[in-house]
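Have a look at structure-v5.cif; it's mmCIF, N, CA and C atoms:
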data_run
#
loop_
_atom_site.group_PDB
_atom_site.id
_atom_site.type_symbol
_atom_site.label_atom_id
_atom_site.label_comp_id
_atom_site.auth_asym_id
_atom_site.auth_seq_id
_atom_site.Cartn_x
_atom_site.Cartn_y
_atom_site.Cartn_z
ATOM 1 N N MET A 1 -24.625 3.277 -67.527
ATOM 2 C CA MET A 1 -23.339 2.623 -67.578
ATOM 3 C C MET A 1 -23.125 2.076 -68.997
ATOM 4 N N ASP A 2 -21.979 2.397 -69.547
ATOM 5 C CA ASP A 2 -21.714 1.952 -70.912
ATOM 6 C C ASP A 2 -21.084 0.551 -70.918
ATOM 7 N N GLN A 3 -20.977 -0.005 -72.101
ATOM 8 C CA GLN A 3 -20.499 -1.375 -72.258
ATOM 9 C C GLN A 3 -19.053 -1.528 -71.791
ATOM 10 N N GLU A 4 -18.221 -0.555 -72.060
ATOM 11 C CA GLU A 4 -16.815 -0.615 -71.657
ATOM 12 C C GLU A 4 -16.682 -0.689 -70.142
ATOM 13 N N THR A 5 -17.472 0.091 -69.443
ATOM 14 C CA THR A 5 -17.441 0.087 -67.980
ATOM 15 C C THR A 5 -17.905 -1.251 -67.429
ATOM 16 N N ARG A 6 -18.972 -1.799 -67.986
ATOM 17 C CA ARG A 6 -19.471 -3.098 -67.531
ATOM 18 C C ARG A 6 -18.443 -4.193 -67.771
ATOM 19 N N TRP A 7 -17.756 -4.147 -68.927
ATOM 20 C CA TRP A 7 -16.748 -5.162 -69.236
ATOM 21 C C TRP A 7 -15.602 -5.090 -68.234
ATOM 22 N N LYS A 8 -15.149 -3.874 -67.922
ATOM 23 C CA LYS A 8 -14.043 -3.708 -66.979
ATOM 24 C C LYS A 8 -14.436 -4.157 -65.571
ATOM 25 N N ILE A 9 -15.666 -3.895 -65.178
ATOM 26 C CA ILE A 9 -16.138 -4.338 -63.858
ATOM 27 C C ILE A 9 -16.150 -5.854 -63.794
ATOM 28 N N ARG A 10 -16.698 -6.500 -64.810
ATOM 29 C CA ARG A 10 -16.764 -7.966 -64.827
ATOM 30 C C ARG A 10 -15.356 -8.569 -64.889
ATOM 31 N N TYR A 11 -14.484 -7.955 -65.688
ATOM 32 C CA TYR A 11 -13.093 -8.424 -65.791
ATOM 33 C C TYR A 11 -12.405 -8.358 -64.437
ATOM 34 N N SER A 12 -12.515 -7.226 -63.759
ATOM 35 C CA SER A 12 -11.856 -7.083 -62.460
ATOM 36 C C SER A 12 -12.479 -8.013 -61.421
ATOM 37 N N GLU A 13 -13.768 -8.272 -61.539
ATOM 38 C CA GLU A 13 -14.433 -9.204 -60.632
ATOM 39 C C GLU A 13 -13.863 -10.616 -60.790
ATOM 40 N N VAL A 14 -13.716 -11.071 -62.006
ATOM 41 C CA VAL A 14 -13.170 -12.405 -62.265
ATOM 42 C C VAL A 14 -11.714 -12.476 -61.816
ATOM 43 N N LYS A 15 -10.935 -11.458 -62.139
ATOM 44 C CA LYS A 15 -9.520 -11.448 -61.791
ATOM 45 C C LYS A 15 -9.325 -11.471 -60.277
ATOM 46 N N SER A 16 -10.059 -10.645 -59.551
ATOM 47 C CA SER A 16 -9.915 -10.613 -58.097
ATOM 48 C C SER A 16 -10.396 -11.922 -57.467
ATOM 49 N N PHE A 17 -11.427 -12.548 -58.046
ATOM 50 C CA PHE A 17 -11.903 -13.838 -57.537
ATOM 51 C C PHE A 17 -10.795 -14.880 -57.634
ATOM 52 N N ILE A 18 -10.149 -14.960 -58.787
ATOM 53 C CA ILE A 18 -9.094 -15.954 -58.992
ATOM 54 C C ILE A 18 -7.908 -15.679 -58.074
ATOM 55 N N GLU A 19 -7.555 -14.408 -57.918
ATOM 56 C CA GLU A 19 -6.406 -14.069 -57.087
ATOM 57 C C GLU A 19 -6.665 -14.337 -55.609
ATOM 58 N N THR A 20 -7.885 -14.163 -55.141
ATOM 59 C CA THR A 20 -8.172 -14.376 -53.726
ATOM 60 C C THR A 20 -8.469 -15.834 -53.405
ATOM 61 N N LYS A 21 -9.209 -16.521 -54.275
ATOM 62 C CA LYS A 21 -9.601 -17.909 -54.008
ATOM 63 C C LYS A 21 -8.599 -18.931 -54.541
ATOM 64 N N HIS A 22 -7.693 -18.502 -55.401
ATOM 65 C CA HIS A 22 -6.686 -19.378 -56.013
ATOM 66 C C HIS A 22 -7.330 -20.548 -56.762
ATOM 67 N N ARG A 23 -8.433 -20.247 -57.413
ATOM 68 C CA ARG A 23 -9.112 -21.223 -58.259
ATOM 69 C C ARG A 23 -9.965 -20.463 -59.266
ATOM 70 N N ASN A 24 -10.401 -21.165 -60.294
ATOM 71 C CA ASN A 24 -11.256 -20.562 -61.303
ATOM 72 C C ASN A 24 -12.714 -20.636 -60.847
ATOM 73 N N PRO A 25 -13.560 -19.752 -61.359
ATOM 74 C CA PRO A 25 -14.982 -19.828 -61.017
ATOM 75 C C PRO A 25 -15.599 -21.135 -61.502
ATOM 76 N N SER A 26 -16.590 -21.609 -60.763
ATOM 77 C CA SER A 26 -17.235 -22.875 -61.086
ATOM 78 C C SER A 26 -18.610 -22.630 -61.701
ATOM 79 N N LYS A 27 -18.934 -23.415 -62.715
ATOM 80 C CA LYS A 27 -20.247 -23.296 -63.329
ATOM 81 C C LYS A 27 -21.331 -23.900 -62.451
ATOM 82 N N TYR A 28 -20.953 -24.622 -61.419
ATOM 83 C CA TYR A 28 -21.911 -25.298 -60.554
ATOM 84 C C TYR A 28 -22.348 -24.447 -59.357
ATOM 85 N N VAL A 29 -21.657 -23.336 -59.103
ATOM 86 C CA VAL A 29 -22.003 -22.452 -57.993
ATOM 87 C C VAL A 29 -22.742 -21.248 -58.570
ATOM 88 N N ASP A 30 -23.943 -21.003 -58.068
ATOM 89 C CA ASP A 30 -24.782 -19.942 -58.631
ATOM 90 C C ASP A 30 -24.103 -18.577 -58.627
ATOM 91 N N GLU A 31 -23.388 -18.244 -57.555
ATOM 92 C CA GLU A 31 -22.757 -16.931 -57.450
ATOM 93 C C GLU A 31 -21.609 -16.751 -58.441
ATOM 94 N N GLU A 32 -21.053 -17.855 -58.911
ATOM 95 C CA GLU A 32 -19.899 -17.798 -59.806
ATOM 96 C C GLU A 32 -20.271 -18.003 -61.270
ATOM 97 N N ARG A 33 -21.493 -18.379 -61.545
ATOM 98 C CA ARG A 33 -21.900 -18.718 -62.908
ATOM 99 C C ARG A 33 -21.785 -17.537 -63.864
ATOM 100 N N ASN A 34 -22.062 -16.321 -63.398
ATOM 101 C CA ASN A 34 -21.944 -15.141 -64.264
ATOM 102 C C ASN A 34 -20.499 -14.927 -64.708
ATOM 103 N N MET A 35 -19.553 -15.235 -63.820
ATOM 104 C CA MET A 35 -18.145 -15.076 -64.176
ATOM 105 C C MET A 35 -17.748 -16.098 -65.243
ATOM 106 N N VAL A 36 -18.239 -17.321 -65.117
ATOM 107 C CA VAL A 36 -17.945 -18.358 -66.108
ATOM 108 C C VAL A 36 -18.518 -17.958 -67.460
ATOM 109 N N THR A 37 -19.728 -17.448 -67.458
ATOM 110 C CA THR A 37 -20.372 -17.016 -68.697
ATOM 111 C C THR A 37 -19.598 -15.880 -69.342
ATOM 112 N N PHE A 38 -19.113 -14.937 -68.534
ATOM 113 C CA PHE A 38 -18.317 -13.829 -69.050
ATOM 114 C C PHE A 38 -17.059 -14.346 -69.753
ATOM 115 N N VAL A 39 -16.356 -15.274 -69.109
ATOM 116 C CA VAL A 39 -15.118 -15.810 -69.687
ATOM 117 C C VAL A 39 -15.415 -16.569 -70.977
ATOM 118 N N LYS A 40 -16.441 -17.409 -70.962
ATOM 119 C CA LYS A 40 -16.785 -18.185 -72.165
ATOM 120 C C LYS A 40 -17.177 -17.274 -73.318
ATOM 121 N N HIS A 41 -17.996 -16.273 -73.037
ATOM 122 C CA HIS A 41 -18.456 -15.366 -74.087
ATOM 123 C C HIS A 41 -17.293 -14.540 -74.652
ATOM 124 N N THR A 42 -16.436 -14.049 -73.769
ATOM 125 C CA THR A 42 -15.310 -13.238 -74.217
ATOM 126 C C THR A 42 -14.314 -14.077 -75.008
ATOM 127 N N ARG A 43 -14.086 -15.327 -74.590
ATOM 128 C CA ARG A 43 -13.199 -16.215 -75.334
ATOM 129 C C ARG A 43 -13.765 -16.485 -76.728
ATOM 130 N N LYS A 44 -15.063 -16.678 -76.796
ATOM 131 C CA LYS A 44 -15.715 -16.922 -78.083
ATOM 132 C C LYS A 44 -15.567 -15.695 -79.003
ATOM 133 N N GLN A 45 -15.760 -14.498 -78.445
ATOM 134 C CA GLN A 45 -15.578 -13.277 -79.232
ATOM 135 C C GLN A 45 -14.141 -13.157 -79.732
ATOM 136 N N MET A 46 -13.172 -13.487 -78.886
ATOM 137 C CA MET A 46 -11.774 -13.381 -79.271
ATOM 138 C C MET A 46 -11.455 -14.363 -80.401
ATOM 139 N N ASN A 47 -11.948 -15.587 -80.291
ATOM 140 C CA ASN A 47 -11.685 -16.589 -81.318
ATOM 141 C C ASN A 47 -12.337 -16.242 -82.653
ATOM 142 N N GLN A 48 -13.452 -15.537 -82.614
ATOM 143 C CA GLN A 48 -14.134 -15.132 -83.840
ATOM 144 C C GLN A 48 -13.584 -13.826 -84.400
ATOM 145 N N GLY A 49 -12.698 -13.169 -83.657
ATOM 146 C CA GLY A 49 -12.133 -11.910 -84.106
ATOM 147 C C GLY A 49 -13.034 -10.718 -83.847
ATOM 148 N N LEU A 50 -13.995 -10.858 -82.946
ATOM 149 C CA LEU A 50 -14.942 -9.784 -82.657
ATOM 150 C C LEU A 50 -14.568 -8.969 -81.421
ATOM 151 N N LEU A 51 -13.577 -9.428 -80.650
ATOM 152 C CA LEU A 51 -13.188 -8.736 -79.427
ATOM 153 C C LEU A 51 -12.390 -7.491 -79.785
ATOM 154 N N LYS A 52 -12.690 -6.394 -79.097
ATOM 155 C CA LYS A 52 -11.989 -5.138 -79.363
ATOM 156 C C LYS A 52 -10.502 -5.292 -79.071
ATOM 157 N N ALA A 53 -9.692 -4.608 -79.851
ATOM 158 C CA ALA A 53 -8.234 -4.755 -79.774
ATOM 159 C C ALA A 53 -7.697 -4.397 -78.388
ATOM 160 N N GLU A 54 -8.245 -3.381 -77.747
ATOM 161 C CA GLU A 54 -7.734 -2.970 -76.439
ATOM 162 C C GLU A 54 -8.073 -3.975 -75.342
ATOM 163 N N ARG A 55 -9.030 -4.848 -75.579
ATOM 164 C CA ARG A 55 -9.411 -5.848 -74.583
ATOM 165 C C ARG A 55 -8.642 -7.157 -74.738
ATOM 166 N N ILE A 56 -8.064 -7.382 -75.890
ATOM 167 C CA ILE A 56 -7.427 -8.677 -76.168
ATOM 168 C C ILE A 56 -6.267 -8.944 -75.214
ATOM 169 N N GLU A 57 -5.379 -7.983 -75.024
ATOM 170 C CA GLU A 57 -4.220 -8.185 -74.149
ATOM 171 C C GLU A 57 -4.650 -8.429 -72.710
ATOM 172 N N GLU A 58 -5.623 -7.656 -72.233
ATOM 173 C CA GLU A 58 -6.117 -7.845 -70.869
ATOM 174 C C GLU A 58 -6.711 -9.240 -70.703
ATOM 175 N N PHE A 59 -7.484 -9.666 -71.691
ATOM 176 C CA PHE A 59 -8.136 -10.960 -71.592
ATOM 177 C C PHE A 59 -7.122 -12.102 -71.670
ATOM 178 N N LYS A 60 -6.082 -11.938 -72.464
ATOM 179 C CA LYS A 60 -5.037 -12.966 -72.532
ATOM 180 C C LYS A 60 -4.340 -13.120 -71.184
ATOM 181 N N LYS A 61 -4.136 -12.006 -70.473
ATOM 182 C CA LYS A 61 -3.551 -12.076 -69.138
ATOM 183 C C LYS A 61 -4.473 -12.832 -68.192
ATOM 184 N N LEU A 62 -5.776 -12.607 -68.329
ATOM 185 C CA LEU A 62 -6.740 -13.318 -67.494
ATOM 186 C C LEU A 62 -6.712 -14.813 -67.808
ATOM 187 N N LEU A 63 -6.612 -15.180 -69.066
ATOM 188 C CA LEU A 63 -6.536 -16.589 -69.437
ATOM 189 C C LEU A 63 -5.270 -17.245 -68.889
ATOM 190 N N GLU A 64 -4.159 -16.511 -68.875
ATOM 191 C CA GLU A 64 -2.926 -17.035 -68.294
ATOM 192 C C GLU A 64 -3.091 -17.260 -66.799
ATOM 193 N N LEU A 65 -3.739 -16.325 -66.122
ATOM 194 C CA LEU A 65 -4.007 -16.460 -64.698
ATOM 195 C C LEU A 65 -4.910 -17.653 -64.429
ATOM 196 N N MET A 66 -5.889 -17.872 -65.293
ATOM 197 C CA MET A 66 -6.769 -19.017 -65.141
ATOM 198 C C MET A 66 -6.001 -20.323 -65.356
ATOM 199 N N GLU A 67 -5.076 -20.331 -66.298
ATOM 200 C CA GLU A 67 -4.289 -21.533 -66.558
ATOM 201 C C GLU A 67 -3.399 -21.871 -65.357
ATOM 202 N N GLU A 68 -2.860 -20.842 -64.701
ATOM 203 C CA GLU A 68 -2.032 -21.060 -63.508
ATOM 204 C C GLU A 68 -2.852 -21.661 -62.369
ATOM 205 N N ASN A 69 -4.119 -21.308 -62.284
ATOM 206 C CA ASN A 69 -4.978 -21.763 -61.193
ATOM 207 C C ASN A 69 -5.933 -22.861 -61.628
ATOM 208 N N LYS A 70 -5.567 -23.562 -62.647
ATOM 209 C CA LYS A 70 -6.402 -24.630 -63.172
ATOM 210 C C LYS A 70 -6.497 -25.764 -62.153
ATOM 211 N N HIS A 71 -7.661 -26.373 -62.083
ATOM 212 C CA HIS A 71 -7.879 -27.482 -61.157
ATOM 213 C C HIS A 71 -6.997 -28.674 -61.522
ATOM 214 N N VAL A 72 -6.353 -29.222 -60.532
ATOM 215 C CA VAL A 72 -5.513 -30.393 -60.740
ATOM 216 C C VAL A 72 -6.138 -31.536 -59.957
ATOM 217 N N ASN A 73 -6.375 -32.635 -60.631
ATOM 218 C CA ASN A 73 -6.974 -33.790 -59.977
ATOM 219 C C ASN A 73 -5.935 -34.430 -59.066
ATOM 220 N N GLN A 74 -6.232 -34.452 -57.780
ATOM 221 C CA GLN A 74 -5.269 -34.958 -56.815
ATOM 222 C C GLN A 74 -5.211 -36.484 -56.755
ATOM 223 N N TRP A 75 -6.153 -37.145 -57.396
ATOM 224 C CA TRP A 75 -6.224 -38.601 -57.297
ATOM 225 C C TRP A 75 -5.578 -39.324 -58.470
ATOM 226 N N VAL A 76 -5.040 -38.596 -59.405
ATOM 227 C CA VAL A 76 -4.422 -39.240 -60.568
ATOM 228 C C VAL A 76 -2.971 -39.551 -60.295
#
Encoded form (structure tokens):
Amino acid sequence: MDQETRWKIRYSEVKSFIETKHRNPSKYVDEERNMVTFVKHTRKQMNQGLLKAERIEEFKKLLELMEENKHVNQWV
């Protein structure tokens, strides 16, 4: 399996998780930690200018989806 295929699998995994659970992955849940690491690493690559051009638009859409499903503190 090449790197492009692995990236697309992880991307679709994170996207489907957010769409079904209506929340972002948590760093505190073991099953979700890999998704958090993927997002953090990819964001870091994008900010450093190392992310491939064809992945930037897809990742920006994922970040928008994450912003829509951001945790809101109900007690404030």
(Q) As an exercise, work out the distance from atom CA of A:His22 to atom CA of A:Thr5 in Å and give it to one decimal place. (A) 25.3 Å
Q: Calculate how many Å separate atom CA of A:Lys44 from atom CA of A:Glu19, rounding to one decimal.
A: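 Rounded to one decimal, the two atoms are 23.1 Å apart.
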Q) Hey, which of A:Ile56, A:Tyr11, A:Leu51, A:Asn24 ends up closest to A:Asn69? Count only C-alpha atoms. A) A:Asn24
**Q.** Residue contacts of A:Met46 (10 Å, only C-alpha atoms) excluding same-chain residues fewer than 5 positions away, as a PyMOL selection string
**A.** chain A and resi 40-41+51-53+55-56+59-60
Q) DSSP says alpha helix (DSSP H) for which residues of chain A? Put them as a ChimeraX atom specification? A) /A:3-21,33-48,53-68
Would you save the residues of that selection, restricted to N, CA and C atoms, as a compact mmCIF listing (two decimals), keeping the file's coordinate frame?
# COMPACT_ATOMS: atom_id res chain seq x y z
N GLN A 3 -20.98 0.00 -72.10
CA GLN A 3 -20.50 -1.38 -72.26
C GLN A 3 -19.05 -1.53 -71.79
N GLU A 4 -18.22 -0.56 -72.06
CA GLU A 4 -16.82 -0.62 -71.66
C GLU A 4 -16.68 -0.69 -70.14
N THR A 5 -17.47 0.09 -69.44
CA THR A 5 -17.44 0.09 -67.98
C THR A 5 -17.90 -1.25 -67.43
N ARG A 6 -18.97 -1.80 -67.99
CA ARG A 6 -19.47 -3.10 -67.53
C ARG A 6 -18.44 -4.19 -67.77
N TRP A 7 -17.76 -4.15 -68.93
CA TRP A 7 -16.75 -5.16 -69.24
C TRP A 7 -15.60 -5.09 -68.23
N LYS A 8 -15.15 -3.87 -67.92
CA LYS A 8 -14.04 -3.71 -66.98
C LYS A 8 -14.44 -4.16 -65.57
N ILE A 9 -15.67 -3.90 -65.18
CA ILE A 9 -16.14 -4.34 -63.86
C ILE A 9 -16.15 -5.85 -63.79
N ARG A 10 -16.70 -6.50 -64.81
CA ARG A 10 -16.76 -7.97 -64.83
C ARG A 10 -15.36 -8.57 -64.89
N TYR A 11 -14.48 -7.96 -65.69
CA TYR A 11 -13.09 -8.42 -65.79
C TYR A 11 -12.40 -8.36 -64.44
N SER A 12 -12.52 -7.23 -63.76
CA SER A 12 -11.86 -7.08 -62.46
C SER A 12 -12.48 -8.01 -61.42
N GLU A 13 -13.77 -8.27 -61.54
CA GLU A 13 -14.43 -9.20 -60.63
C GLU A 13 -13.86 -10.62 -60.79
N VAL A 14 -13.72 -11.07 -62.01
CA VAL A 14 -13.17 -12.40 -62.26
C VAL A 14 -11.71 -12.48 -61.82
N LYS A 15 -10.94 -11.46 -62.14
CA LYS A 15 -9.52 -11.45 -61.79
C LYS A 15 -9.32 -11.47 -60.28
N SER A 16 -10.06 -10.64 -59.55
CA SER A 16 -9.91 -10.61 -58.10
C SER A 16 -10.40 -11.92 -57.47
N PHE A 17 -11.43 -12.55 -58.05
CA PHE A 17 -11.90 -13.84 -57.54
C PHE A 17 -10.80 -14.88 -57.63
N ILE A 18 -10.15 -14.96 -58.79
CA ILE A 18 -9.09 -15.95 -58.99
C ILE A 18 -7.91 -15.68 -58.07
N GLU A 19 -7.56 -14.41 -57.92
CA GLU A 19 -6.41 -14.07 -57.09
C GLU A 19 -6.66 -14.34 -55.61
N THR A 20 -7.88 -14.16 -55.14
CA THR A 20 -8.17 -14.38 -53.73
C THR A 20 -8.47 -15.83 -53.40
N LYS A 21 -9.21 -16.52 -54.28
CA LYS A 21 -9.60 -17.91 -54.01
C LYS A 21 -8.60 -18.93 -54.54
N ARG A 33 -21.49 -18.38 -61.54
CA ARG A 33 -21.90 -18.72 -62.91
C ARG A 33 -21.78 -17.54 -63.86
N ASN A 34 -22.06 -16.32 -63.40
CA ASN A 34 -21.94 -15.14 -64.26
C ASN A 34 -20.50 -14.93 -64.71
N MET A 35 -19.55 -15.24 -63.82
CA MET A 35 -18.14 -15.08 -64.18
C MET A 35 -17.75 -16.10 -65.24
N VAL A 36 -18.24 -17.32 -65.12
CA VAL A 36 -17.94 -18.36 -66.11
C VAL A 36 -18.52 -17.96 -67.46
N THR A 37 -19.73 -17.45 -67.46
CA THR A 37 -20.37 -17.02 -68.70
C THR A 37 -19.60 -15.88 -69.34
N PHE A 38 -19.11 -14.94 -68.53
CA PHE A 38 -18.32 -13.83 -69.05
C PHE A 38 -17.06 -14.35 -69.75
N VAL A 39 -16.36 -15.27 -69.11
CA VAL A 39 -15.12 -15.81 -69.69
C VAL A 39 -15.42 -16.57 -70.98
N LYS A 40 -16.44 -17.41 -70.96
CA LYS A 40 -16.78 -18.18 -72.17
C LYS A 40 -17.18 -17.27 -73.32
N HIS A 41 -18.00 -16.27 -73.04
CA HIS A 41 -18.46 -15.37 -74.09
C HIS A 41 -17.29 -14.54 -74.65
N THR A 42 -16.44 -14.05 -73.77
CA THR A 42 -15.31 -13.24 -74.22
C THR A 42 -14.31 -14.08 -75.01
N ARG A 43 -14.09 -15.33 -74.59
CA ARG A 43 -13.20 -16.22 -75.33
C ARG A 43 -13.76 -16.48 -76.73
N LYS A 44 -15.06 -16.68 -76.80
CA LYS A 44 -15.72 -16.92 -78.08
C LYS A 44 -15.57 -15.70 -79.00
N GLN A 45 -15.76 -14.50 -78.44
CA GLN A 45 -15.58 -13.28 -79.23
C GLN A 45 -14.14 -13.16 -79.73
N MET A 46 -13.17 -13.49 -78.89
CA MET A 46 -11.77 -13.38 -79.27
C MET A 46 -11.46 -14.36 -80.40
N ASN A 47 -11.95 -15.59 -80.29
CA ASN A 47 -11.68 -16.59 -81.32
C ASN A 47 -12.34 -16.24 -82.65
N GLN A 48 -13.45 -15.54 -82.61
CA GLN A 48 -14.13 -15.13 -83.84
C GLN A 48 -13.58 -13.83 -84.40
N ALA A 53 -9.69 -4.61 -79.85
CA ALA A 53 -8.23 -4.76 -79.77
C ALA A 53 -7.70 -4.40 -78.39
N GLU A 54 -8.24 -3.38 -77.75
CA GLU A 54 -7.73 -2.97 -76.44
C GLU A 54 -8.07 -3.98 -75.34
N ARG A 55 -9.03 -4.85 -75.58
CA ARG A 55 -9.41 -5.85 -74.58
C ARG A 55 -8.64 -7.16 -74.74
N ILE A 56 -8.06 -7.38 -75.89
CA ILE A 56 -7.43 -8.68 -76.17
C ILE A 56 -6.27 -8.94 -75.21
N GLU A 57 -5.38 -7.98 -75.02
CA GLU A 57 -4.22 -8.18 -74.15
C GLU A 57 -4.65 -8.43 -72.71
N GLU A 58 -5.62 -7.66 -72.23
CA GLU A 58 -6.12 -7.84 -70.87
C GLU A 58 -6.71 -9.24 -70.70
N PHE A 59 -7.48 -9.67 -71.69
CA PHE A 59 -8.14 -10.96 -71.59
C PHE A 59 -7.12 -12.10 -71.67
N LYS A 60 -6.08 -11.94 -72.46
CA LYS A 60 -5.04 -12.97 -72.53
C LYS A 60 -4.34 -13.12 -71.18
N LYS A 61 -4.14 -12.01 -70.47
CA LYS A 61 -3.55 -12.08 -69.14
C LYS A 61 -4.47 -12.83 -68.19
N LEU A 62 -5.78 -12.61 -68.33
CA LEU A 62 -6.74 -13.32 -67.49
C LEU A 62 -6.71 -14.81 -67.81
N LEU A 63 -6.61 -15.18 -69.07
CA LEU A 63 -6.54 -16.59 -69.44
C LEU A 63 -5.27 -17.24 -68.89
N GLU A 64 -4.16 -16.51 -68.88
CA GLU A 64 -2.93 -17.04 -68.29
C GLU A 64 -3.09 -17.26 -66.80
N LEU A 65 -3.74 -16.32 -66.12
CA LEU A 65 -4.01 -16.46 -64.70
C LEU A 65 -4.91 -17.65 -64.43
N MET A 66 -5.89 -17.87 -65.29
CA MET A 66 -6.77 -19.02 -65.14
C MET A 66 -6.00 -20.32 -65.36
N GLU A 67 -5.08 -20.33 -66.30
CA GLU A 67 -4.29 -21.53 -66.56
C GLU A 67 -3.40 -21.87 -65.36
N GLU A 68 -2.86 -20.84 -64.70
CA GLU A 68 -2.03 -21.06 -63.51
C GLU A 68 -2.85 -21.66 -62.37
Q. Could you list as a PyMOL selection string every residue that has an atom within 12 Å of (-12.6, -13.1, -59.6), using the file's coordinates and counting only C-alpha atoms?
A. chain A and resi 9-26+31-36+38-39+62+65-66+69
Q. Could you work out how far atom CA of A:Arg43 lies from atom CA of A:Asp2, giving the answer in Å with one decimal?
A. 20.5 Å
